[in-house]
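Reproduced below: start-v6.txt, with compact mmCIF, C-alpha atoms and all ligand atoms.
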# COMPACT_ATOMS: atom_id res chain seq x y z
CA MET A 22 0.00 0.00 0.00
CA THR A 23 2.14 2.85 -1.26
CA ASP A 24 -0.61 5.07 -2.69
CA THR A 25 -1.60 7.29 0.23
CA THR A 26 -5.14 7.63 -1.10
CA ASP A 27 -5.71 4.03 0.01
CA PHE A 28 -5.54 5.15 3.61
CA ALA A 29 -8.61 7.29 3.14
CA ALA A 30 -10.74 4.17 2.69
CA LEU A 31 -9.73 2.81 6.09
CA VAL A 32 -11.78 5.33 8.07
CA ASP A 33 -15.44 6.07 7.32
CA GLU A 34 -16.17 9.09 9.51
CA GLU A 35 -19.72 9.47 8.22
CA GLY A 36 -20.86 5.95 8.93
CA GLY A 37 -18.57 5.29 11.90
CA ARG A 38 -16.76 2.29 10.40
CA ILE A 39 -13.04 1.59 10.86
CA SER A 40 -10.96 -0.95 8.97
CA ARG A 41 -9.36 -3.61 11.14
CA ARG A 42 -6.20 -3.12 9.10
CA ILE A 43 -5.30 0.05 10.98
CA TYR A 44 -4.66 -2.09 14.09
CA ALA A 45 -2.38 -4.71 12.59
CA ASP A 46 -1.17 -3.99 9.04
CA PRO A 47 2.65 -3.49 8.84
CA GLN A 48 2.21 -1.09 5.91
CA VAL A 49 -0.12 1.08 7.96
CA TYR A 50 2.42 0.99 10.77
CA ASP A 51 5.24 2.11 8.44
CA ALA A 52 3.09 4.96 7.11
CA GLU A 53 2.22 6.01 10.66
CA GLN A 54 5.90 6.18 11.54
CA GLU A 55 6.69 8.32 8.53
CA ASN A 56 3.62 10.49 8.05
CA LEU A 57 2.46 10.87 11.63
CA PHE A 58 5.11 10.24 14.29
CA ARG A 59 7.95 11.91 12.36
CA ARG A 60 5.80 15.01 11.81
CA ALA A 61 3.49 15.56 14.79
CA TRP A 62 4.35 17.05 18.17
CA CYS A 63 4.93 14.14 20.53
CA PHE A 64 5.26 14.36 24.29
CA LEU A 65 8.72 13.53 25.59
CA ALA A 66 9.03 14.42 29.26
CA HIS A 67 7.90 16.77 31.98
CA GLU A 68 10.29 19.50 33.10
CA SER A 69 10.02 18.29 36.71
CA GLU A 70 11.73 15.05 35.63
CA VAL A 71 14.94 16.94 34.78
CA PRO A 72 15.00 19.82 37.28
CA ASN A 73 18.79 20.23 37.58
CA PRO A 74 21.64 20.81 35.10
CA GLY A 75 22.91 17.45 33.88
CA ASP A 76 19.61 15.64 34.57
CA TYR A 77 18.50 13.46 31.68
CA VAL A 78 15.85 10.91 30.76
CA GLU A 79 15.69 8.61 27.77
CA ARG A 80 12.46 8.50 25.78
CA GLN A 81 11.32 7.42 22.32
CA LEU A 82 9.96 9.29 19.32
CA ALA A 83 8.86 7.28 16.30
CA SER A 84 11.34 4.40 16.25
CA GLU A 85 14.21 6.31 17.79
CA ARG A 86 15.57 6.73 21.30
CA ILE A 87 15.67 10.32 22.45
CA LEU A 88 17.78 11.90 25.15
CA VAL A 89 16.11 14.81 26.98
CA ILE A 90 18.78 16.65 28.93
CA HIS A 91 18.95 19.78 31.06
CA GLY A 92 22.07 21.63 29.93
CA LYS A 93 24.52 23.44 32.19
CA ASP A 94 23.22 26.61 30.55
CA GLY A 95 19.73 25.92 31.92
CA VAL A 96 18.17 24.95 28.56
CA ILE A 97 16.40 21.60 28.22
CA ARG A 98 17.22 20.01 24.86
CA ALA A 99 16.39 16.76 23.09
CA PHE A 100 18.83 14.74 20.97
CA LEU A 101 19.00 11.42 19.21
CA ASN A 102 20.60 9.22 21.88
CA SER A 103 23.23 8.05 19.43
CA CYS A 104 26.97 8.66 19.28
CA ARG A 105 28.26 10.28 16.06
CA HIS A 106 31.13 7.74 15.79
CA ARG A 107 29.46 4.30 15.34
CA GLY A 108 25.98 5.25 16.48
CA MET A 109 26.23 3.62 19.90
CA ARG A 110 23.40 4.29 22.34
CA LEU A 111 25.04 7.03 24.34
CA CYS A 112 23.06 6.93 27.60
CA ARG A 113 21.91 3.46 28.50
CA ALA A 114 20.05 4.33 31.68
CA ASP A 115 16.43 5.46 31.72
CA LYS A 116 17.44 8.49 33.75
CA GLY A 117 20.42 9.99 35.48
CA ASN A 118 22.65 13.02 35.94
CA ALA A 119 25.91 13.60 34.12
CA THR A 120 28.32 16.51 33.86
CA PHE A 121 29.23 15.12 30.44
CA LEU A 122 28.20 12.09 28.39
CA ARG A 123 30.89 9.55 27.54
CA CYS A 124 30.15 6.97 24.89
CA PRO A 125 30.64 3.47 26.30
CA TYR A 126 32.13 2.14 23.03
CA HIS A 127 35.23 4.26 22.23
CA GLY A 128 34.83 7.15 24.63
CA TRP A 129 33.75 10.08 22.49
CA SER A 130 32.39 12.61 24.99
CA TYR A 131 29.65 15.22 24.71
CA SER A 132 28.66 18.17 26.88
CA SER A 133 25.21 18.44 28.42
CA GLU A 134 24.51 20.93 25.61
CA GLY A 135 25.26 18.25 23.03
CA GLU A 136 28.67 19.42 21.78
CA LEU A 137 31.37 16.90 21.01
CA ILE A 138 34.07 17.83 23.53
CA SER A 139 36.63 15.07 23.29
CA VAL A 140 37.61 12.13 21.13
CA PHE A 141 39.78 9.17 22.06
CA ALA A 142 43.28 9.45 20.50
CA GLU A 143 42.40 12.77 18.97
CA GLU A 144 46.01 13.34 17.87
CA LEU A 145 45.69 10.44 15.40
CA TYR A 146 43.12 12.27 13.29
CA HIS A 147 44.23 14.73 10.60
CA GLN A 148 43.05 18.17 11.70
CA ASP A 149 40.92 18.51 8.52
CA ASN A 150 39.17 15.23 9.23
CA LEU A 151 37.68 15.81 12.66
CA ASP A 152 35.38 18.81 12.62
CA LYS A 153 34.19 18.56 16.21
CA ALA A 154 31.95 21.60 15.84
CA ASN A 155 29.82 19.63 13.37
CA LEU A 156 29.88 16.33 15.21
CA GLY A 157 27.67 17.22 18.14
CA LEU A 158 24.61 15.16 19.06
CA ILE A 159 21.79 15.28 16.53
CA PRO A 160 19.10 17.62 17.90
CA LEU A 161 15.38 17.16 17.44
CA THR A 162 14.14 19.56 14.80
CA GLN A 163 11.75 21.28 17.20
CA VAL A 164 11.38 21.18 20.99
CA GLN A 165 8.77 23.28 22.79
CA SER A 166 7.04 23.18 26.17
CA TYR A 167 3.53 23.81 27.38
CA LYS A 168 3.04 24.21 31.15
CA GLY A 169 6.13 22.08 31.80
CA PHE A 170 5.20 19.40 29.23
CA ILE A 171 8.09 19.04 26.76
CA PHE A 172 7.13 18.04 23.22
CA GLY A 173 9.38 17.28 20.26
CA SER A 174 8.93 17.03 16.51
CA TRP A 175 11.18 15.84 13.70
CA SER A 176 9.44 18.21 11.26
CA ALA A 177 10.29 21.86 10.69
CA GLU A 178 6.86 22.36 9.10
CA THR A 179 4.77 21.38 12.11
CA PRO A 180 3.31 24.64 13.46
CA ALA A 181 4.15 26.05 16.88
CA LEU A 182 3.07 23.83 19.77
CA ASP A 183 0.53 26.38 21.01
CA ASP A 184 -1.19 26.34 17.61
CA TYR A 185 -1.00 22.55 17.42
CA LEU A 186 -2.74 22.22 20.80
CA GLY A 187 -5.26 24.95 19.94
CA ASN A 188 -8.35 24.78 22.17
CA MET A 189 -6.96 21.74 23.94
CA ARG A 190 -4.98 24.22 26.05
CA PHE A 191 -8.24 25.36 27.66
CA TYR A 192 -8.89 21.82 28.91
CA LEU A 193 -5.27 20.97 29.69
CA ASP A 194 -5.13 24.04 31.92
CA MET A 195 -8.04 22.59 33.93
CA LEU A 196 -5.76 19.64 34.72
CA VAL A 197 -2.18 20.92 34.79
CA GLY A 198 -2.51 24.68 35.16
CA ARG A 199 -5.20 24.99 37.81
CA THR A 200 -2.98 26.13 40.68
CA PRO A 201 -0.22 28.77 40.66
CA GLY A 202 2.54 26.14 40.83
CA GLY A 203 1.06 23.77 38.25
CA VAL A 204 1.82 20.06 38.50
CA GLU A 205 4.93 17.94 38.90
CA VAL A 206 5.62 14.25 38.42
CA VAL A 207 5.57 11.92 41.42
CA GLY A 208 8.55 9.59 41.07
CA PRO A 209 9.72 8.06 37.80
CA PRO A 210 7.10 6.92 35.28
CA GLN A 211 5.92 3.34 35.20
CA CYS A 212 7.02 1.80 31.91
CA TRP A 213 5.88 -1.47 30.35
CA GLU A 214 5.13 -3.17 27.04
CA VAL A 215 1.69 -4.29 25.86
CA HIS A 216 1.01 -6.62 22.92
CA THR A 217 -1.48 -4.27 21.38
CA ASN A 218 -1.67 -1.80 18.57
CA TRP A 219 -1.29 1.65 20.17
CA LYS A 220 -4.64 2.84 18.81
CA PHE A 221 -6.61 0.41 20.98
CA ALA A 222 -5.18 2.36 23.92
CA THR A 223 -5.98 5.79 22.48
CA ASP A 224 -9.40 4.47 21.42
CA ASN A 225 -10.05 3.65 25.07
CA PHE A 226 -8.81 7.08 26.17
CA THR A 227 -10.69 9.16 23.62
CA GLY A 228 -14.15 8.57 24.97
CA ASP A 229 -14.79 4.93 25.80
CA ASN A 230 -16.68 5.51 29.03
CA PHE A 231 -19.09 2.70 28.24
CA HIS A 232 -16.62 -0.18 28.71
CA LEU A 233 -16.57 0.29 32.48
CA TYR A 234 -19.38 -2.06 33.44
CA THR A 235 -18.33 -4.90 31.14
CA ALA A 236 -14.53 -4.82 30.88
CA HIS A 237 -14.34 -3.88 34.57
CA GLY A 238 -17.43 -5.88 35.54
CA SER A 239 -15.69 -7.70 38.37
CA ILE A 240 -14.76 -4.35 39.93
CA ALA A 241 -18.37 -3.21 39.58
CA GLU A 242 -19.54 -6.44 41.24
CA LEU A 243 -17.33 -5.69 44.21
CA GLY A 244 -19.20 -2.41 44.60
CA MET A 245 -16.25 -0.23 43.56
CA LEU A 246 -18.24 1.46 40.77
CA PRO A 247 -21.67 3.12 41.15
CA PRO A 248 -24.35 0.39 40.95
CA ASP A 249 -26.30 1.93 38.05
CA PRO A 250 -24.43 1.42 34.73
CA MET A 251 -26.01 4.59 33.35
CA SER A 252 -24.79 6.77 36.24
CA LEU A 253 -21.53 7.47 34.39
CA SER A 254 -23.26 8.20 31.07
CA PHE A 255 -23.75 11.91 31.80
CA GLY A 256 -21.36 14.70 30.91
CA ASN A 257 -19.99 15.52 27.47
CA LEU A 258 -17.84 14.21 24.69
CA ILE A 259 -15.59 17.00 23.43
CA GLN A 260 -13.52 17.56 20.32
CA ALA A 261 -11.29 20.34 21.62
CA HIS A 262 -9.29 20.83 18.44
CA LYS A 263 -8.78 18.53 15.45
CA GLY A 264 -7.76 15.12 16.90
CA HIS A 265 -7.45 16.36 20.51
CA VAL A 266 -10.46 14.91 22.32
CA LEU A 267 -11.77 14.19 25.81
CA HIS A 268 -14.82 13.39 27.84
CA ILE A 269 -15.86 15.01 31.06
CA VAL A 270 -18.27 13.44 33.54
CA PRO A 271 -19.96 14.72 36.70
CA GLY A 272 -19.82 12.68 39.89
CA PRO A 273 -22.48 12.15 42.53
CA PRO A 274 -23.95 15.41 43.91
CA ILE A 275 -21.70 15.63 46.95
CA PRO A 276 -18.93 18.17 47.65
CA GLN A 277 -16.24 15.47 47.70
CA ALA A 278 -16.92 14.72 44.02
CA GLN A 279 -16.65 18.34 42.89
CA TYR A 280 -13.42 19.88 41.54
CA PHE A 281 -12.37 16.42 40.27
CA GLY A 282 -12.30 15.40 43.93
CA VAL A 283 -9.09 17.30 44.76
CA PRO A 284 -8.64 18.23 48.44
CA MET A 285 -10.65 21.15 49.83
CA GLU A 286 -7.52 23.21 50.53
CA LEU A 287 -6.59 23.27 46.83
CA ARG A 288 -10.01 24.46 45.63
CA PRO A 289 -9.59 28.18 46.42
CA LEU A 290 -6.32 28.05 44.44
CA ILE A 291 -8.23 26.61 41.49
CA GLU A 292 -10.86 29.36 41.71
CA GLY A 293 -8.10 31.96 41.83
CA THR A 294 -6.07 30.55 38.93
CA LEU A 295 -8.48 29.40 36.22
CA SER A 296 -10.90 31.54 34.24
CA PRO A 297 -14.47 31.53 35.66
CA GLN A 298 -15.54 29.34 32.74
CA GLN A 299 -12.81 26.77 33.40
CA ALA A 300 -13.27 26.88 37.19
CA ALA A 301 -17.02 26.21 36.79
CA LEU A 302 -16.32 23.16 34.63
CA VAL A 303 -13.80 21.83 37.14
CA LYS A 304 -16.25 22.43 39.98
CA ASP A 305 -19.04 20.51 38.25
CA HIS A 306 -17.08 17.43 37.22
CA ALA A 307 -15.38 14.44 38.83
CA PHE A 308 -13.82 12.66 35.81
CA CYS A 309 -11.98 13.82 32.72
CA VAL A 310 -10.26 11.44 30.30
CA GLY A 311 -8.83 12.25 26.88
CA THR A 312 -5.99 12.24 24.38
CA VAL A 313 -3.68 14.88 22.98
CA PHE A 314 -3.27 13.73 19.39
CA PRO A 315 -1.62 11.45 18.58
CA ASN A 316 -0.53 9.43 21.62
CA LEU A 317 -0.52 11.39 24.88
CA SER A 318 -3.51 10.38 26.99
CA PHE A 319 -4.61 11.62 30.39
CA MET A 320 -7.06 10.68 33.08
CA GLN A 321 -8.32 12.65 36.01
CA VAL A 322 -10.45 10.14 37.90
CA MET A 323 -11.69 9.25 41.38
CA VAL A 324 -11.22 5.60 42.28
CA GLN A 325 -11.29 3.25 45.22
CA GLY A 326 -7.92 1.55 45.53
CA ASP A 327 -9.54 -1.21 47.61
CA LEU A 328 -12.86 -2.13 49.18
CA HIS A 329 -12.33 0.00 52.26
CA SER A 330 -10.71 3.21 50.99
CA PRO A 331 -12.86 6.18 49.98
CA PRO A 332 -12.81 7.27 46.32
CA THR A 333 -9.59 9.22 45.85
CA PRO A 334 -8.60 11.32 42.83
CA PHE A 335 -5.49 11.01 40.76
CA LEU A 336 -4.14 12.60 37.59
CA SER A 337 -2.09 10.48 35.21
CA PHE A 338 -0.58 11.15 31.80
CA ARG A 339 0.67 8.37 29.58
CA ILE A 340 2.39 7.88 26.23
CA TRP A 341 1.36 5.00 23.97
CA GLN A 342 4.53 4.53 21.93
CA PRO A 343 4.16 2.10 19.03
CA THR A 344 7.11 -0.28 18.82
CA GLY A 345 5.61 -2.45 16.06
CA PRO A 346 2.22 -3.01 14.40
CA THR A 347 1.03 -5.04 17.39
CA THR A 348 3.27 -3.87 20.24
CA THR A 349 3.19 -0.70 22.31
CA LYS A 350 5.47 0.68 24.99
CA VAL A 351 3.73 2.67 27.71
CA TRP A 352 5.10 5.37 29.98
CA SER A 353 2.67 6.43 32.70
CA TRP A 354 3.20 9.35 35.07
CA LEU A 355 1.35 10.31 38.20
CA MET A 356 1.13 14.09 38.51
CA VAL A 357 0.16 16.22 41.46
CA GLU A 358 -0.17 19.91 42.24
CA LYS A 359 3.07 21.41 43.54
CA GLU A 360 1.02 22.82 46.43
CA ALA A 361 -0.31 19.37 47.44
CA SER A 362 0.16 18.20 51.03
CA PRO A 363 2.27 15.12 51.86
CA GLU A 364 -0.91 13.33 52.99
CA TYR A 365 -2.63 13.94 49.66
CA ARG A 366 0.47 12.90 47.69
CA LYS A 367 0.49 9.58 49.54
CA ALA A 368 -3.25 9.01 49.09
CA THR A 369 -3.28 9.87 45.38
CA TYR A 370 -0.19 7.71 44.76
CA GLU A 371 -1.80 4.70 46.44
CA ALA A 372 -5.06 5.15 44.52
CA TYR A 373 -3.10 5.34 41.24
CA VAL A 374 -0.81 2.33 41.68
CA ARG A 375 -3.61 0.09 42.93
CA THR A 376 -5.83 0.81 39.94
CA PHE A 377 -3.61 1.73 36.96
CA GLY A 378 -0.17 0.77 35.72
CA PRO A 379 0.78 -2.85 34.95
CA SER A 380 -0.36 -4.12 38.36
CA GLY A 381 -3.47 -1.92 38.60
CA ILE A 382 -6.85 -3.63 38.78
CA PHE A 383 -8.33 -1.47 36.01
CA GLU A 384 -5.30 -1.47 33.72
CA GLN A 385 -5.03 -5.27 33.75
CA ASP A 386 -8.62 -5.57 32.51
CA ASP A 387 -7.97 -3.00 29.78
CA MET A 388 -4.73 -4.55 28.60
CA GLU A 389 -6.29 -8.00 28.27
CA ASN A 390 -9.01 -6.56 26.04
CA TRP A 391 -6.59 -4.53 23.90
CA GLU A 392 -4.28 -7.52 23.41
CA GLU A 393 -7.12 -9.84 22.40
CA CYS A 394 -8.59 -7.16 20.08
CA THR A 395 -5.19 -6.82 18.41
CA ARG A 396 -4.77 -10.58 17.99
CA MET A 397 -8.27 -10.95 16.55
CA ASN A 398 -7.75 -8.20 13.96
CA ILE A 399 -4.60 -9.68 12.39
CA GLY A 400 -6.29 -12.37 10.30
CA ALA A 401 -6.91 -11.84 6.58
CA VAL A 402 -10.54 -12.95 6.88
CA ALA A 403 -11.21 -10.73 9.88
CA GLN A 404 -9.75 -7.80 7.96
CA ARG A 405 -12.47 -8.10 5.30
CA TYR A 406 -14.97 -6.81 7.86
CA ASN A 407 -14.95 -3.31 9.33
CA LEU A 408 -15.30 -2.45 13.01
CA HIS A 409 -18.28 -0.53 14.34
CA HIS A 410 -17.80 2.94 15.86
CA GLY A 411 -21.33 4.21 15.43
CA MET A 412 -22.64 4.90 18.93
CA ALA A 413 -24.54 8.20 19.29
CA LEU A 414 -23.14 9.66 16.06
CA HIS A 415 -26.63 10.98 15.27
CA VAL A 416 -26.81 13.05 18.48
CA PRO A 417 -26.59 16.77 17.65
CA ALA A 418 -23.85 18.90 19.21
CA ASP A 419 -24.51 20.72 22.49
CA ARG A 420 -24.31 24.34 21.36
CA ASP A 421 -24.61 25.63 24.94
CA PHE A 422 -21.60 23.77 26.30
CA PRO A 423 -19.48 26.36 28.15
CA GLY A 424 -16.12 25.45 26.63
CA PRO A 425 -14.36 25.78 23.25
CA GLY A 426 -14.44 23.20 20.48
CA ASN A 427 -17.35 20.88 19.68
CA ALA A 428 -19.24 19.16 22.49
CA TRP A 429 -21.92 16.48 22.41
CA PRO A 430 -24.21 15.63 25.33
CA GLY A 431 -23.66 12.39 27.21
CA SER A 432 -20.39 10.54 27.74
CA TYR A 433 -21.48 7.22 26.20
CA GLY A 434 -20.80 7.49 22.49
CA GLU A 435 -18.14 7.12 19.81
CA ARG A 436 -18.07 10.63 18.41
CA THR A 437 -14.68 11.49 19.88
CA GLN A 438 -13.12 8.28 18.56
CA ILE A 439 -14.36 9.22 15.09
CA CYS A 440 -12.82 12.70 15.48
CA PHE A 441 -9.52 11.04 16.41
CA TYR A 442 -9.57 8.58 13.51
CA GLY A 443 -10.56 11.33 11.07
CA GLU A 444 -7.49 13.31 12.08
CA TRP A 445 -5.35 10.14 11.93
CA LYS A 446 -6.55 9.62 8.36
CA ARG A 447 -5.66 13.19 7.35
CA TRP A 448 -2.10 12.79 8.69
CA LEU A 449 -1.64 9.45 6.96
CA THR A 450 -2.94 10.72 3.64
CA MET A 451 -0.70 13.81 4.01
CA GLU A 452 -3.67 16.14 3.70
CA GLU A 453 -2.74 19.39 5.38
CA PRO A 454 -4.15 18.96 8.89
CA TRP A 455 -3.66 22.62 9.78
CA VAL A 456 -5.86 24.47 7.28
S1 LIG B 501 30.48 4.53 18.96
FE1 LIG B 501 30.70 6.15 20.34
S2 LIG B 501 32.81 6.42 20.55
FE2 LIG B 501 32.62 4.83 19.10
FE FE B 502 -10.71 0.69 31.39
Please, can you express the file's structure as C-alpha cells?
Amino acid sequence: MTDTTDFAALVDEEGGRISRRIYADPQVYDAEQENLFRRAWCFLAHESEVPNPGDYVERQLASERILVIHGKDGVIRAFLNSCRHRGMRLCRADKGNATFLRCPYHGWSYSSEGELISVFAEELYHQDNLDKANLGLIPLTQVQSYKGFIFGSWSAETPALDDYLGNMRFYLDMLVGRTPGGVEVVGPPQCWEVHTNWKFATDNFTGDNFHLYTAHGSIAELGMLPPDPMSLSFGNLIQAHKGHVLHIVPGPPIPQAQYFGVPMELRPLIEGTLSPQQAALVKDHAFCVGTVFPNLSFMQVMVQGDLHSPPTPFLSFRIWQPTGPTTTKVWSWLMVEKEASPEYRKATYEAYVRTFGPSGIFEQDDMENWEECTRMNIGAVAQRYNLHHGMALHVPADRDFPGPGNAWPGSYGERTQICFYGEWKRWLTMEEPWV
C-alpha cells in the first residue's frame, strides 16, 4: 500500500466504520511512523523530571531513542541518543545526571549541551578530518514546552506547539494549570510493554466511558463502581481541536466529588487561577479522560484503591509509543499539584498504583481486552470486515456547552473516537491537517 489515497478508505467518519487493518497492518504501521510520528508534536518528558543541570531521561519518538537533557546553561534540549562515531546508544540508563556524556564504546564525549568535547586518540586524526563543531549530538528539529510538558517534533513544518494544541490548552489548563505552581511528576514513570496496537489504547482514552461495566465488571460487582451502569453516562464528549479529544463526567452530587475530587484546601487556588468558565467546569465534574493527538492520553479520575478506601482522585498522563504493528510501549506518570500536602500525595499515589499501571486492577482488565482485540484483527478474513464505531453519532452537538471546540451531550458514544480517527486519516494521507 504505497498510494496514500488508500488510507482514506480505512476510516469512514460518516458511517462510523473503521478498517481492522489500521490495528495490525505493517504497511499502515510504516506509514504512521513516517507520516504521523515523524511530523506531529509528541510528548517527551515533563520538566520536573529533569530539574537540575545534567539531569536526563531517555524517551522514544517514532522508532528512535531520544535523550532529553537539562544543559549546564539551563536549557532543556532533546537529541537522538546516538553517538556520532558508530551510532552507539550514548546513555543506557532510563534516567540519570551527568556533567558530560561519555560513549561506552570508544569514549567520544559530549557536553550536556550536546557538543562533542573530546575524542579518544584525537592526535591520530588529521586536523581537517575531525570537525568537532559539526559532530555534536543530533538535535530534534523542534522542541517546545507547554506548562512544563516538553514536546518534540522531527518536522520543521509542524506549526508552533501552542497552535498545534489549539483549544486543547483550555482543557489541559483545567488539569495541569489549575494552581499557581502547576503540577509535577511523582517519582519516575511506570514503563511497560503491551502486545497491542497503540490505537486500541488511544481508542479507550478518547471517549470509551461505556466499557466500564463490562470490561471492569468484576470491579463493579465488588461495589467499587456506582451500581447503576447509566450513572456514568452523563457529561460531554468534546472535540477540543482537530484530533485532541476528551470526555468530562460529573460525579455524585456531593462536595467530595466536585473539583475532580481534589482536596478542599486546593479548591480556592483553582478558583483563583483558572478563568471563571474553566473553574465552573472543574467544579461541576469528577472525571476527565482524553488524548492529545496522537498518543498522549490523560485521566483525572476518582477511584477506590480497595474495598475500604474512599474514592480518591489522581491525575495520570501516559504515552502510547508504538514499537511495532502489534506492540506498544507505555510510559505512565502520576502528577500532582506542587502545592499538594504530603498526605494527599500519599493518598493519590496509592489510589493510582492500585488501579492503573501494569499491576493496577483497572489497567489489567484494559490490557487484556486490547491484546485480544489486536490478535483478533490480524487475520486476513477478519480484515475483510470493518469495526463498528457508530454509537450516538446521530446526536446533535450541544451548542450551549461552556467550553471551546465541539461538544456532544452524554459521555457514552463514539463521536470522539471518530474525530480522532478522522485526524489520523488526514495525517496518513498527508492532507494538510492545519488548514
Ligand atoms: S560509537 Fe561512540 S565512541 Fe565509538
Ligand atoms: Fe478501562
Worksheet entry | Within 12 Å of ligand LIG 501 (chain B), counting only C-alpha atoms and all ligand atoms, residues as a PyMOL selection string | chain A and resi 102-112+122-131+137-143+156-158
Would you mind listing, for every residue of stretch 395-441 of chain A within 12 Å of stretch 197-217 of chain A, the two atoms forming the shortest contact and the distance between them in Å to one decimal, using all atoms listed in the file, sorted by chain and ascending residue number, as CSV?
residue,atom,partner,partner_atom,distance
A:Thr395,CA,A:Thr217,CA,5.4
A:Arg396,CA,A:Thr217,CA,7.9
A:Met397,CA,A:Thr217,CA,10.7
A:Asn398,CA,A:Thr217,CA,10.5
A:Ile399,CA,A:Thr217,CA,10.9
Worksheet entry | Shell of 9 Å around ligand FE 502 (chain B) (all atoms listed in the file), written as number ranges by chain | A: 225-226, 229-230, 232-233, 236-237, 383-388
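Among the candidates A:Gly228, A:Gly381, A:Pro315, A:Pro276, the residue lying nearest to A:Trp341 is A:Pro315 (atoms considered: all atoms listed in the file).
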Practice prompt. Select, counting only C-alpha atoms, all protein, DNA and RNA residues no farther than 7 Å from (-11.1, -2.8, 41.4) in file coordinates, and express the selection as a PyMOL selection string.
Written response: chain A and resi 240+245+326-327+376+382-383
Take the residues that were just selected and, keeping C-alpha atoms, output them as an mmCIF file, in the coordinates of the input.
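For reference, selection-v9.cif as written:
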data_model
loop_
_atom_site.group_PDB
_atom_site.id
_atom_site.type_symbol
_atom_site.label_atom_id
_atom_site.label_comp_id
_atom_site.auth_asym_id
_atom_site.auth_seq_id
_atom_site.Cartn_x
_atom_site.Cartn_y
_atom_site.Cartn_z
ATOM 1 C CA ILE A 240 -14.760 -4.350 39.930
ATOM 2 C CA MET A 245 -16.250 -0.230 43.560
ATOM 3 C CA GLY A 326 -7.920 1.550 45.530
ATOM 4 C CA ASP A 327 -9.540 -1.210 47.610
ATOM 5 C CA THR A 376 -5.830 0.810 39.940
ATOM 6 C CA ILE A 382 -6.850 -3.630 38.780
ATOM 7 C CA PHE A 383 -8.330 -1.470 36.010
#
Item to complete: Go ahead and find all residues with at least one atom no further than 6 Å from (-7.5, 16.8, 33.3) in the file's coordinates, using all atoms listed in the file; report them as a PyMOL selection string.
Response: chain A and resi 193+195-196+309+321
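The shell of residues at most 6 Å from A:Ile87, with all atoms listed in the file counted and near chain neighbours (fewer than 6 positions) removed, consists of A:Glu79, A:Arg80, A:Gln81, A:Phe100, A:Leu101, A:Asn102.
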Restrict the selected residues to C-alpha atoms and save them as an mmCIF file, in the coordinates of the input.
data_model
loop_
_atom_site.group_PDB
_atom_site.id
_atom_site.type_symbol
_atom_site.label_atom_id
_atom_site.label_comp_id
_atom_site.auth_asym_id
_atom_site.auth_seq_id
_atom_site.Cartn_x
_atom_site.Cartn_y
_atom_site.Cartn_z
ATOM 1 C CA GLU A 79 15.690 8.610 27.770
ATOM 2 C CA ARG A 80 12.460 8.500 25.780
ATOM 3 C CA GLN A 81 11.320 7.420 22.320
ATOM 4 C CA PHE A 100 18.830 14.740 20.970
ATOM 5 C CA LEU A 101 19.000 11.420 19.210
ATOM 6 C CA ASN A 102 20.600 9.220 21.880
#
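Here atom CA of A:Leu57 stands at a distance of 25.1 Å from atom CA of A:Ala401.
Nearest residue to A:Gln165 among A:Asn257, A:Phe64, A:Pro250, A:Val303 is A:Phe64, counting all atoms listed in the file.
Among the candidates A:Cys394, A:Thr348, A:Arg60, A:Glu35, the residue lying nearest to A:Trp219 is A:Thr348 (atoms considered: all atoms listed in the file).
Nearest-residue note for A:Arg98: choosing from A:Asn390, A:Gln163, A:Ser337, A:Thr344, the minimum distance belongs to A:Gln163, counting all atoms listed in the file.
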Response to the item:
Atom pair atom CA of A:Asn316 + atom CA of A:Gly256, distance 23.4 Å
Discussion item. Give me the residues near stretch 286-301 of chain A as a ChimeraX atom specification, where near means some atom within 10 Å (using all atoms listed in the file) and where sequence neighbours in that chain fewer than 3 positions away do not count.
Written reply: /A:191-192,194-195,198-203,279-283,304-306,358,360-362,423-424
Worksheet entry | A:Tyr442 surroundings by all atoms listed in the file, 10 Å radius, close-in-sequence under 6 positions cut, as an MDAnalysis selection string | chainID A and resid 31:34 37 39 43 220 224 264 315 448
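Here atom CA of A:Ala61 is placed at a distance of 26.0 Å from atom CA of A:Arg113.
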Practice prompt. Write out as an MDAnalysis selection string the residues lying within 12 Å of A:Leu267, counting only C-alpha atoms and excluding same-chain residues fewer than 2 positions away.
Written response: chainID A and resid 188:189 191:193 223:230 256:265 269:270 308:314 317:321 426:429 432:438 440:441
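Compared by their closest atoms to A:Gln54, and using only C-alpha atoms, the residues A:Glu392, A:Glu85, A:Asp152, A:Glu70 rank with A:Glu85 nearest.
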